[in-house]
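Some notes on the structure that comes next.
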Amino acid sequence: MSTEERATPSALLLILPVLILLVLFFGSVVHLFSYGFYEDGEFSTRYFLQIADRPDYHVVFLRTVLSSLTVAVVSVVLAYPIALLLWRSDRWRNTLLIVVLVPWLVSLVVRTYGWIVLLGPRGVINEFLAWLGLVDAPVKLMFNDLGIIIGLTHVLVPFAVISILASLLEIESNLEEASGVLGATAFQTFLHVVWPLSLPGAFTALMVIYLACIGAIVTPILLGGMTHNFVGSQIYQEVMYTFNMSKAAAWSICLLGLSFLSLILLKTIERRLLGKRS
Amino acid sequence: MAHRTGTIRILGIALLLSLPAPIVIVAGASFNGGGYIQFPPDTYSLRWYLETFTDPRWPMAFAVSFGIAAATAVIISAVNFMAAYYVVRYAPRIASALELAIFSPLFFPHAAMGVAMVAMVGQFGLLGTAPGIILAHLVITLPFSYRPIHIAMRSIDPDLIRAANVMGASEWQALRDIVLPLCRSGILTSLLFAGIISFDEVTVTMFLIGPNITTLPVQIFAYVQDSASPVLAAISTISVLVTFAAVLLLDRYAGLTFFVRRDAA
């Protein structure tokens with residue numbers, strides 16, 4: 001449907017609610033900045049300088065960025081075999097898609113809780129290892145960076161599957177046939193036809209997952225504990241425990257800046273690798 | 001070459017099955033008769049489910065989450081239906097600009113979004129209230145709900161509406177009898193998708209709760225940190241079942257293909 005009709009004044013009422021929501025959202029961003037740069041009514045860059053100064057805060061940012069990159073790359077790699085499986089199975093695709101979608105949509109906190117049950121010192125994995133007689137004392141699988149990365153990866157793999165599958169489903173089947181007719185083996189077809197055409201979906205997944213990770217709070221708190229802070233867990237503590245909105249806002253603004261810089265960087269890399277197509 | 005594709009296939013199946021594994025283990029552990037988390041369970045019992053229902057805090061949090069999800073889904077779907085109708089029918093030229101604005105919350109890291117929402121909700125004095133949480137959920141679900149509705153709206157043949165107008169149907173009648181039914185699957189997708197997101201949202205919501213109100217995922221988050229009771233496994237399983245049911249409804253009445261298409265948006 002696309003006919004341009006002349007809008008009656010009352011038709012403008014149709015777009016009003018969404019505009020109100022957008023004004024509220026962008027207003028909240030303005031608010032965030034005023035909290036970040038004003039403390040007790042006075043302009044202040046105190047918390048930004050603090051972030052620039054303190055090495056322990058640099059560690060928090062570094063941990064967040066490096067863990068998020070790791071999670072993004074590992075998620076995309078693990079998602080490929082699943083996406084290919086779904087793409088190949090026409091008949092079962094819908095059922096298999098449910099197996100991917102439900103874990104994706106189930107609450108983050110429930111999925112992370114599942115990993116506590118698995119990774120904890122008395123968790124399923126440690127009990128199993130002990131039962132096999134492989135370990136004497138529980139292996140430390142959580143309350144460290146490893147736990148955070150495992151948890152976040154599991155939370156985000158489903159999205160990567162969906163994104164890659166969307167790219168695969170766009171491939172016209174006669175391309176594959178043509179490749180076969182011209183004498184390419186199944187593996188050659190995959191390497192030269194399927195894989196390059198799936199890259200846009202993989203890149204979308206990489207970016208979205210990276211963004212989701214650097215803003216994560218729940219999984220880092222539950223699986224990393226209070227000693228392995230993410231930027232998100234630090235922000236949460238400033239708001240909920242020390243009630244320091246200015247500091248929380250300053251951290252949030254840095255997080256925003258970080259995500260925009262990363263996004264621009266990833267977009268540039270994507271353009272270099274994939275050409276002008278995307 | 002055949003064995004190589006075979007290996008990838010087996011790997012795919014193994015990885016696919018690992019996705020629901022933690023949820024399945026939690027569900028299994030929730031039926032354990034003992035007082036701690038155990039998988040596989042030693043003895044089977046429903047005592048943790050009974051405890052979930054007798055402690056009033058869990059049914060309360062469940063009701064709050066369900067109510068907030070329903071309100072969010074209905075309001076955001078209505079808002080986006082009106083907006084998409086306006087854009088497609090009256091102002092296609094602003095479509096891409098509006099889309100950019102609507103999708104902008106997606107590029108906001110959730111932790112920063114949480115603080116921004118505290119600022120917004122606090123400004124209206126709505127911190128720790130249901131309307132405050134709903135307001136934040138409307139912002140969060142906005143892009144997810146707009147996309148399916150807009151896709152459905154765009155695919156309607158404009159001649160149908162012209163024909164209706166020529167035959168004497170009013171604008172309102174055309175909207176009600178032609179546009180609305182043809183957008184049905186888009187609206188259903190929006191309702192269920194937004195509902196699921198709201199029901200399961202925790203990262204932003206936990207900034208907005210108060211002494212008088214909390215949602216199910218936020219309460220689970222609070223309990224996980226200082227309790228190892230299997231009650232958590234039981235309540236988690238119940239929350240998974242709600243999401244599962246919503247996905248099945250989505251599959252049955254609107255189809256899941258929406259999730260795996262790139263073209264639109």
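In the structure tokens, chains take letters A, B, ... by order of appearance, with residues numbered from 1 within each chain and ligands from 1 in the order shown.
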Near stretch 110-127 of chain A, counting only C-alpha atoms, which residues have an atom at most 10 Å away, once you skip same-chain residues fewer than 3 positions from it, shown as JSON, numbers by chain?
{"A": [103, 104, 105, 106, 107, 130, 131, 132, 133, 134, 135, 136, 137, 138, 139, 140, 141, 142, 143, 147, 148, 150, 151, 152, 154, 155, 218, 219, 220, 222, 223], "B": [19, 20, 21, 22, 23, 24, 25, 26, 27, 29, 37, 38, 39, 40, 200, 217, 220, 221, 224, 225, 228, 232, 233, 235, 236, 237, 239, 240]}
Would you pick out the contacts of B:Gly67 at 10 Å or less, using only C-alpha atoms, so that residues sharing its chain but fewer than 3 positions from it are not included, and give the list as a PDB file with all heavy atoms, in the first residue's frame?
```
ATOM      1  N   ALA B  61       4.299 -11.264  41.674  1.00  0.00           N
ATOM      2  CA  ALA B  61       5.257 -10.829  40.645  1.00  0.00           C
ATOM      3  C   ALA B  61       4.822 -11.332  39.275  1.00  0.00           C
ATOM      4  O   ALA B  61       4.940 -10.620  38.268  1.00  0.00           O
ATOM      5  CB  ALA B  61       6.659 -11.344  40.981  1.00  0.00           C
ATOM      6  N   PHE B  62       4.291 -12.559  39.253  1.00  0.00           N
ATOM      7  CA  PHE B  62       3.820 -13.123  37.983  1.00  0.00           C
ATOM      8  C   PHE B  62       2.685 -12.272  37.420  1.00  0.00           C
ATOM      9  O   PHE B  62       2.681 -11.908  36.242  1.00  0.00           O
ATOM     10  CB  PHE B  62       3.346 -14.570  38.194  1.00  0.00           C
ATOM     11  CG  PHE B  62       2.913 -15.240  36.921  1.00  0.00           C
ATOM     12  CD1 PHE B  62       3.837 -15.947  36.158  1.00  0.00           C
ATOM     13  CD2 PHE B  62       1.607 -15.151  36.472  1.00  0.00           C
ATOM     14  CE1 PHE B  62       3.455 -16.549  34.970  1.00  0.00           C
ATOM     15  CE2 PHE B  62       1.216 -15.756  35.286  1.00  0.00           C
ATOM     16  CZ  PHE B  62       2.146 -16.460  34.537  1.00  0.00           C
ATOM     17  N   ALA B  63       1.723 -11.943  38.279  1.00  0.00           N
ATOM     18  CA  ALA B  63       0.573 -11.148  37.838  1.00  0.00           C
ATOM     19  C   ALA B  63       1.033  -9.778  37.337  1.00  0.00           C
ATOM     20  O   ALA B  63       0.545  -9.291  36.308  1.00  0.00           O
ATOM     21  CB  ALA B  63      -0.434 -11.002  38.979  1.00  0.00           C
ATOM     22  N   VAL B  64       1.955  -9.157  38.072  1.00  0.00           N
ATOM     23  CA  VAL B  64       2.463  -7.842  37.659  1.00  0.00           C
ATOM     24  C   VAL B  64       3.117  -7.941  36.277  1.00  0.00           C
ATOM     25  O   VAL B  64       2.818  -7.157  35.372  1.00  0.00           O
ATOM     26  CB  VAL B  64       3.480  -7.303  38.695  1.00  0.00           C
ATOM     27  CG1 VAL B  64       4.234  -6.094  38.137  1.00  0.00           C
ATOM     28  CG2 VAL B  64       2.772  -6.925  39.986  1.00  0.00           C
ATOM     29  N   ALA B  70       0.885  -7.412  28.950  1.00  0.00           N
ATOM     30  CA  ALA B  70      -0.349  -7.257  28.176  1.00  0.00           C
ATOM     31  C   ALA B  70      -0.578  -5.783  27.827  1.00  0.00           C
ATOM     32  O   ALA B  70      -0.865  -5.441  26.672  1.00  0.00           O
ATOM     33  CB  ALA B  70      -1.533  -7.816  28.966  1.00  0.00           C
ATOM     34  N   ALA B  71      -0.427  -4.902  28.819  1.00  0.00           N
ATOM     35  CA  ALA B  71      -0.641  -3.476  28.569  1.00  0.00           C
ATOM     36  C   ALA B  71       0.359  -2.955  27.541  1.00  0.00           C
ATOM     37  O   ALA B  71      -0.015  -2.258  26.580  1.00  0.00           O
ATOM     38  CB  ALA B  71      -0.513  -2.694  29.873  1.00  0.00           C
ATOM     39  N   THR B  72       1.637  -3.323  27.717  1.00  0.00           N
ATOM     40  CA  THR B  72       2.679  -2.873  26.783  1.00  0.00           C
ATOM     41  C   THR B  72       2.359  -3.343  25.364  1.00  0.00           C
ATOM     42  O   THR B  72       2.413  -2.553  24.412  1.00  0.00           O
ATOM     43  CB  THR B  72       4.053  -3.431  27.209  1.00  0.00           C
ATOM     44  OG1 THR B  72       4.329  -3.009  28.544  1.00  0.00           O
ATOM     45  CG2 THR B  72       5.149  -2.926  26.291  1.00  0.00           C
ATOM     46  N   ALA B  73       2.011  -4.633  25.232  1.00  0.00           N
ATOM     47  CA  ALA B  73       1.774  -5.199  23.901  1.00  0.00           C
ATOM     48  C   ALA B  73       0.620  -4.488  23.211  1.00  0.00           C
ATOM     49  O   ALA B  73       0.705  -4.122  22.038  1.00  0.00           O
ATOM     50  CB  ALA B  73       1.505  -6.699  24.015  1.00  0.00           C
ATOM     51  N   ALA B 130       3.781   0.748  38.248  1.00  0.00           N
ATOM     52  CA  ALA B 130       3.524   0.006  37.016  1.00  0.00           C
ATOM     53  C   ALA B 130       3.530   0.926  35.782  1.00  0.00           C
ATOM     54  O   ALA B 130       4.137   0.582  34.761  1.00  0.00           O
ATOM     55  CB  ALA B 130       2.205  -0.758  37.128  1.00  0.00           C
ATOM     56  N   ILE B 134       5.761   0.378  32.434  1.00  0.00           N
ATOM     57  CA  ILE B 134       5.120   0.255  31.118  1.00  0.00           C
ATOM     58  C   ILE B 134       5.695   1.282  30.149  1.00  0.00           C
ATOM     59  O   ILE B 134       6.000   0.966  28.991  1.00  0.00           O
ATOM     60  CB  ILE B 134       3.582   0.414  31.242  1.00  0.00           C
ATOM     61  CG1 ILE B 134       2.993  -0.789  31.981  1.00  0.00           C
ATOM     62  CG2 ILE B 134       2.940   0.551  29.861  1.00  0.00           C
ATOM     63  CD1 ILE B 134       1.538  -0.658  32.341  1.00  0.00           C
ATOM     64  N   GLY B 195       4.823  -8.579  23.739  1.00  0.00           N
ATOM     65  CA  GLY B 195       4.418  -9.176  25.012  1.00  0.00           C
ATOM     66  C   GLY B 195       5.527 -10.025  25.613  1.00  0.00           C
ATOM     67  O   GLY B 195       5.827  -9.926  26.807  1.00  0.00           O
ATOM     68  N   SER B 198       8.439  -7.785  26.832  1.00  0.00           N
ATOM     69  CA  SER B 198       8.098  -7.103  28.080  1.00  0.00           C
ATOM     70  C   SER B 198       8.072  -8.079  29.258  1.00  0.00           C
ATOM     71  O   SER B 198       8.619  -7.803  30.317  1.00  0.00           O
ATOM     72  CB  SER B 198       6.740  -6.409  27.923  1.00  0.00           C
ATOM     73  OG  SER B 198       6.264  -5.988  29.167  1.00  0.00           O
ATOM     74  N   PHE B 199       7.460  -9.241  29.043  1.00  0.00           N
ATOM     75  CA  PHE B 199       7.339 -10.230  30.116  1.00  0.00           C
ATOM     76  C   PHE B 199       8.703 -10.686  30.613  1.00  0.00           C
ATOM     77  O   PHE B 199       8.893 -10.945  31.802  1.00  0.00           O
ATOM     78  CB  PHE B 199       6.541 -11.441  29.613  1.00  0.00           C
ATOM     79  CG  PHE B 199       6.244 -12.471  30.672  1.00  0.00           C
ATOM     80  CD1 PHE B 199       5.242 -12.270  31.600  1.00  0.00           C
ATOM     81  CD2 PHE B 199       6.979 -13.646  30.743  1.00  0.00           C
ATOM     82  CE1 PHE B 199       4.975 -13.208  32.585  1.00  0.00           C
ATOM     83  CE2 PHE B 199       6.722 -14.601  31.726  1.00  0.00           C
ATOM     84  CZ  PHE B 199       5.718 -14.367  32.649  1.00  0.00           C
ATOM     85  N   THR B 215       8.846  -7.150  39.055  1.00  0.00           N
ATOM     86  CA  THR B 215       8.363  -8.079  38.036  1.00  0.00           C
ATOM     87  C   THR B 215       8.988  -9.448  38.273  1.00  0.00           C
ATOM     88  O   THR B 215       9.952  -9.572  39.034  1.00  0.00           O
ATOM     89  CB  THR B 215       8.738  -7.600  36.620  1.00  0.00           C
ATOM     90  OG1 THR B 215      10.161  -7.635  36.483  1.00  0.00           O
ATOM     91  CG2 THR B 215       8.236  -6.177  36.367  1.00  0.00           C
TER      92      THR B 215
END
```
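Excluding A:Ile221 itself and any same-chain residue fewer than 3 positions from it, the protein and nucleic acid residues within 10 Å of it, counting only C-alpha atoms, are Phe143, Ile148, Ala216, Ile217, Val218, Gly224, Gly225, Met226, Thr227, His228, Asn229, Phe230, Gly232, Ser233, Gln234 and Tyr236 of chain A; Phe221 and Gln225 of chain B.
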Using N, CA and C atoms, can you write the selected residues to a file as a PDB file, in the first residue's frame?
```pdb
ATOM      1  N   PHE A 143      32.164 -17.035  38.436  1.00  0.00           N
ATOM      2  CA  PHE A 143      32.799 -15.954  39.186  1.00  0.00           C
ATOM      3  C   PHE A 143      34.161 -15.617  38.594  1.00  0.00           C
ATOM      4  N   ILE A 148      31.381 -15.548  32.555  1.00  0.00           N
ATOM      5  CA  ILE A 148      30.638 -14.484  31.864  1.00  0.00           C
ATOM      6  C   ILE A 148      30.562 -14.770  30.371  1.00  0.00           C
ATOM      7  N   ALA A 216      25.468  -5.339  28.795  1.00  0.00           N
ATOM      8  CA  ALA A 216      24.896  -6.372  29.663  1.00  0.00           C
ATOM      9  C   ALA A 216      25.133  -6.057  31.144  1.00  0.00           C
ATOM     10  N   ILE A 217      24.186  -6.440  31.981  1.00  0.00           N
ATOM     11  CA  ILE A 217      24.341  -6.287  33.431  1.00  0.00           C
ATOM     12  C   ILE A 217      24.116  -7.615  34.145  1.00  0.00           C
ATOM     13  N   VAL A 218      22.980  -8.247  33.832  1.00  0.00           N
ATOM     14  CA  VAL A 218      22.534  -9.410  34.596  1.00  0.00           C
ATOM     15  C   VAL A 218      23.533 -10.568  34.544  1.00  0.00           C
ATOM     16  N   GLY A 224      29.811 -13.421  36.961  1.00  0.00           N
ATOM     17  CA  GLY A 224      31.134 -12.859  37.219  1.00  0.00           C
ATOM     18  C   GLY A 224      31.318 -12.467  38.667  1.00  0.00           C
ATOM     19  N   GLY A 225      30.213 -12.321  39.364  1.00  0.00           N
ATOM     20  CA  GLY A 225      30.313 -11.880  40.748  1.00  0.00           C
ATOM     21  C   GLY A 225      30.682 -10.417  40.816  1.00  0.00           C
ATOM     22  N   MET A 226      30.901  -9.915  42.025  1.00  0.00           N
ATOM     23  CA  MET A 226      31.141  -8.493  42.191  1.00  0.00           C
ATOM     24  C   MET A 226      32.597  -8.117  41.922  1.00  0.00           C
ATOM     25  N   THR A 227      33.461  -9.119  41.746  1.00  0.00           N
ATOM     26  CA  THR A 227      34.863  -8.789  41.540  1.00  0.00           C
ATOM     27  C   THR A 227      35.200  -8.627  40.064  1.00  0.00           C
ATOM     28  N   HIS A 228      34.408  -9.261  39.190  1.00  0.00           N
ATOM     29  CA  HIS A 228      34.682  -9.149  37.764  1.00  0.00           C
ATOM     30  C   HIS A 228      33.653  -8.235  37.124  1.00  0.00           C
ATOM     31  N   ASN A 229      33.811  -6.933  37.373  1.00  0.00           N
ATOM     32  CA  ASN A 229      32.816  -5.971  36.923  1.00  0.00           C
ATOM     33  C   ASN A 229      32.846  -5.744  35.418  1.00  0.00           C
ATOM     34  N   PHE A 230      31.636  -5.596  34.881  1.00  0.00           N
ATOM     35  CA  PHE A 230      31.443  -5.093  33.533  1.00  0.00           C
ATOM     36  C   PHE A 230      31.053  -3.620  33.678  1.00  0.00           C
ATOM     37  N   GLY A 232      28.387  -2.387  32.659  1.00  0.00           N
ATOM     38  CA  GLY A 232      26.987  -2.450  33.070  1.00  0.00           C
ATOM     39  C   GLY A 232      26.820  -2.713  34.560  1.00  0.00           C
ATOM     40  N   SER A 233      27.600  -3.641  35.116  1.00  0.00           N
ATOM     41  CA  SER A 233      27.427  -3.942  36.544  1.00  0.00           C
ATOM     42  C   SER A 233      27.875  -2.762  37.399  1.00  0.00           C
ATOM     43  N   GLN A 234      28.908  -2.031  36.932  1.00  0.00           N
ATOM     44  CA  GLN A 234      29.341  -0.833  37.650  1.00  0.00           C
ATOM     45  C   GLN A 234      28.213   0.214  37.659  1.00  0.00           C
ATOM     46  N   TYR A 236      25.039  -0.305  37.342  1.00  0.00           N
ATOM     47  CA  TYR A 236      23.958  -0.787  38.192  1.00  0.00           C
ATOM     48  C   TYR A 236      24.242  -0.504  39.661  1.00  0.00           C
TER      49      TYR A 236
ATOM     50  N   PHE B 221      15.993 -12.493  39.601  1.00  0.00           N
ATOM     51  CA  PHE B 221      17.360 -11.949  39.679  1.00  0.00           C
ATOM     52  C   PHE B 221      17.756 -11.684  41.126  1.00  0.00           C
ATOM     53  N   GLN B 225      20.716 -14.274  43.566  1.00  0.00           N
ATOM     54  CA  GLN B 225      21.945 -13.794  44.192  1.00  0.00           C
ATOM     55  C   GLN B 225      22.134 -14.288  45.615  1.00  0.00           C
TER      56      GLN B 225
END
```
Considering only C-alpha atoms, return as a count of residues only whatever protein or nucleic-acid residues lie within 10 Å of B:Tyr36, sequence-local ones (same chain, fewer than 3 positions apart) excluded.
10
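For the set B:Gly122, B:Gly6, B:Gly12, B:Pro211, the residue with the smallest atom-to-atom gap to A:Leu85 is B:Gly12, counting only C-alpha atoms.
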Rank A:Ile235, A:Leu84, A:Leu191, A:Leu21 by their smallest atom-to-atom distance to A:Cys254, using only C-alpha atoms, and report the top residue only.
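Distance minimum relative to A:Cys254 lands on A:Ile235.
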Given only C-alpha atoms as the counted atoms, nearest of B:Gly168, B:Val202, B:Ala194, B:His150 to B:Leu182
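Looking at the shortest contact to B:Leu182, the residue is B:His150.
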